[in-house]
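Student: There's a structure below that I have some questions on.
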Amino acid sequence: MAQGCLKCLKYTMCVANFLCFVCGVAVLSFGAYLMVQFNFSALTPSLANLNIPSMLLISGIVITCVSFLGFLGALKENRCLLLTFFLVIFILMLVELTAACLMLIYETEIGKLVTQDLENGLKNANSTDKRSDWDIVQNTFGCCGVHNASDWKDNPPKSCCNIPSCNSTMPVFKEGCLNKLKAWFEENFLTTGIAVIVLCIIEVLGMCFAMTLFCHISRTGLGYKL
């Protein structure tokens, strides 16, 4: 009975990690596609390495590597790989909790930094013709500029309007993108919180499965089976 449960646990862990591996590859591919197609660094110049494509790319790499480690460790019943898998997930959980706490503590400072960086990005886009990133954001959220349409001075882009002609006196979207982005994050706060909780549950279950198999392999003396 015990052997059957452990076999079930082993293959459940293999299937779960395989699915995570597929999801990691998908996230990695999507991040690479966004990096090639869009240059979101124009929105926040000093935070260029923290834009969405970069974060997706890093997340995809981490998910892919960790899930492959767990899959191989469970399939081969390798104690070393299972222990490494357990430690990596534990470290990731600590990093996630630390990041969440720092974001809550320094929420005001982070908001000011992002606002200033958006203003600098808009100035750079206004002095050059590289407005594609701002066009995407303004078309998506129906906004104009950082605070309002006057941020573009006398030369608002066409993405500030939903009509063919656009000028500084009659831009259609008068609300700034900063408020729109804040509202969007607030609307999706519950969804984000649920996603984080689900992620933590998956990580805890993965740690429990890995440690259960690790202890069983240690008792049976199959520690470094390849």
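In the structure tokens, each chain is lettered A, B, ... as it comes, each chain's residues begin at 1, and ligands are numbered from 1 in order of appearance.
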Which residues are near Ile63 of chain A? Cut-off 12 Å, only C-alpha atoms, ignore same chain within fewer than 6 positions. Put them as an MDAnalysis selection string.
Tutor: chainID A and resid 17:28 56:57 69:71 85 88:89 92 199 203
Student: Report, in Å with one decimal, the straight-line distance from atom CA of Val114 of chain A to atom CA of Leu102 of chain A.
Tutor: 15.3 Å
Student: As a PyMOL selection string, please: every residue in segment 7-211 of chain A that DSSP puts in alpha helix (DSSP H).
Tutor: chain A and resi 7-37+52-76+79-105+107-127+132-141+177-187+189-211
Student: Measuring atom to atom with only C-alpha atoms, identify which of A:Ile136, A:Leu75, A:Ile197, A:Leu94 is nearest to Cys8 of chain A.
Tutor: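 Looking at the shortest contact to Cys8 of chain A, the residue is A:Leu75.
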Student: List as a tab-separated table (two decimals) with all heavy atoms, in the first residue's frame the protein and nucleic acid residues near Gly176 of chain A, meaning an atom at most 7 Å away when only C-alpha atoms are counted, but skip any in the same chain fewer than 5 places from it.
Tutor:
```
chain	number	residue	atom	x	y	z
A	143	CYS	N	-5.54	56.60	-22.62
A	143	CYS	CA	-4.99	57.70	-21.83
A	143	CYS	C	-4.03	58.51	-22.68
A	143	CYS	O	-3.76	58.16	-23.84
A	143	CYS	CB	-4.27	57.15	-20.59
A	143	CYS	SG	-2.96	55.96	-20.97
A	144	CYS	N	-3.50	59.58	-22.09
A	144	CYS	CA	-2.58	60.44	-22.84
A	144	CYS	C	-1.57	61.06	-21.89
A	144	CYS	O	-1.95	61.75	-20.92
A	144	CYS	CB	-3.35	61.53	-23.57
A	144	CYS	SG	-2.35	62.51	-24.70
A	145	GLY	N	-0.29	60.84	-22.13
A	145	GLY	CA	0.76	61.39	-21.29
A	145	GLY	C	0.86	60.67	-19.95
A	145	GLY	O	0.20	59.66	-19.70
A	146	VAL	N	1.71	61.20	-19.06
A	146	VAL	CA	1.86	60.62	-17.73
A	146	VAL	C	0.75	61.08	-16.81
A	146	VAL	O	0.04	60.27	-16.19
A	146	VAL	CB	3.24	60.99	-17.12
A	146	VAL	CG1	3.37	60.40	-15.73
A	146	VAL	CG2	4.37	60.48	-18.02
A	147	HIS	N	0.56	62.40	-16.72
A	147	HIS	CA	-0.48	62.97	-15.85
A	147	HIS	C	-1.71	63.40	-16.65
A	147	HIS	O	-2.83	63.19	-16.20
A	147	HIS	CB	0.09	64.16	-15.08
A	147	HIS	CG	1.29	63.82	-14.25
A	147	HIS	ND1	1.21	63.10	-13.08
A	147	HIS	CD2	2.62	64.09	-14.44
A	147	HIS	CE1	2.43	62.94	-12.57
A	147	HIS	NE2	3.29	63.53	-13.38
A	148	ASN	N	-1.49	64.00	-17.80
A	148	ASN	CA	-2.58	64.40	-18.69
A	148	ASN	C	-2.00	64.70	-20.07
A	148	ASN	O	-0.80	64.55	-20.29
A	148	ASN	CB	-3.35	65.60	-18.12
A	148	ASN	CG	-2.42	66.74	-17.73
A	148	ASN	OD1	-1.61	67.20	-18.54
A	148	ASN	ND2	-2.50	67.18	-16.48
A	149	ALA	N	-2.87	65.15	-20.97
A	149	ALA	CA	-2.45	65.37	-22.36
A	149	ALA	C	-1.43	66.49	-22.50
A	149	ALA	O	-0.67	66.52	-23.47
A	149	ALA	CB	-3.68	65.68	-23.21
```
Student: Between atom CA of Gly142 of chain A and atom CA of Pro157 of chain A, measure the distance and give it in Å to one decimal.
Tutor: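 Spanning atom CA of Gly142 of chain A to atom CA of Pro157 of chain A is a straight-line distance of 12.6 Å.
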Student: Find, counting only C-alpha atoms, the residue in A:Ala99, A:Cys65, A:Leu181, A:Leu87 that gets nearest to Val204 of chain A.
Tutor: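 Smallest separation from Val204 of chain A among the options: A:Leu87.
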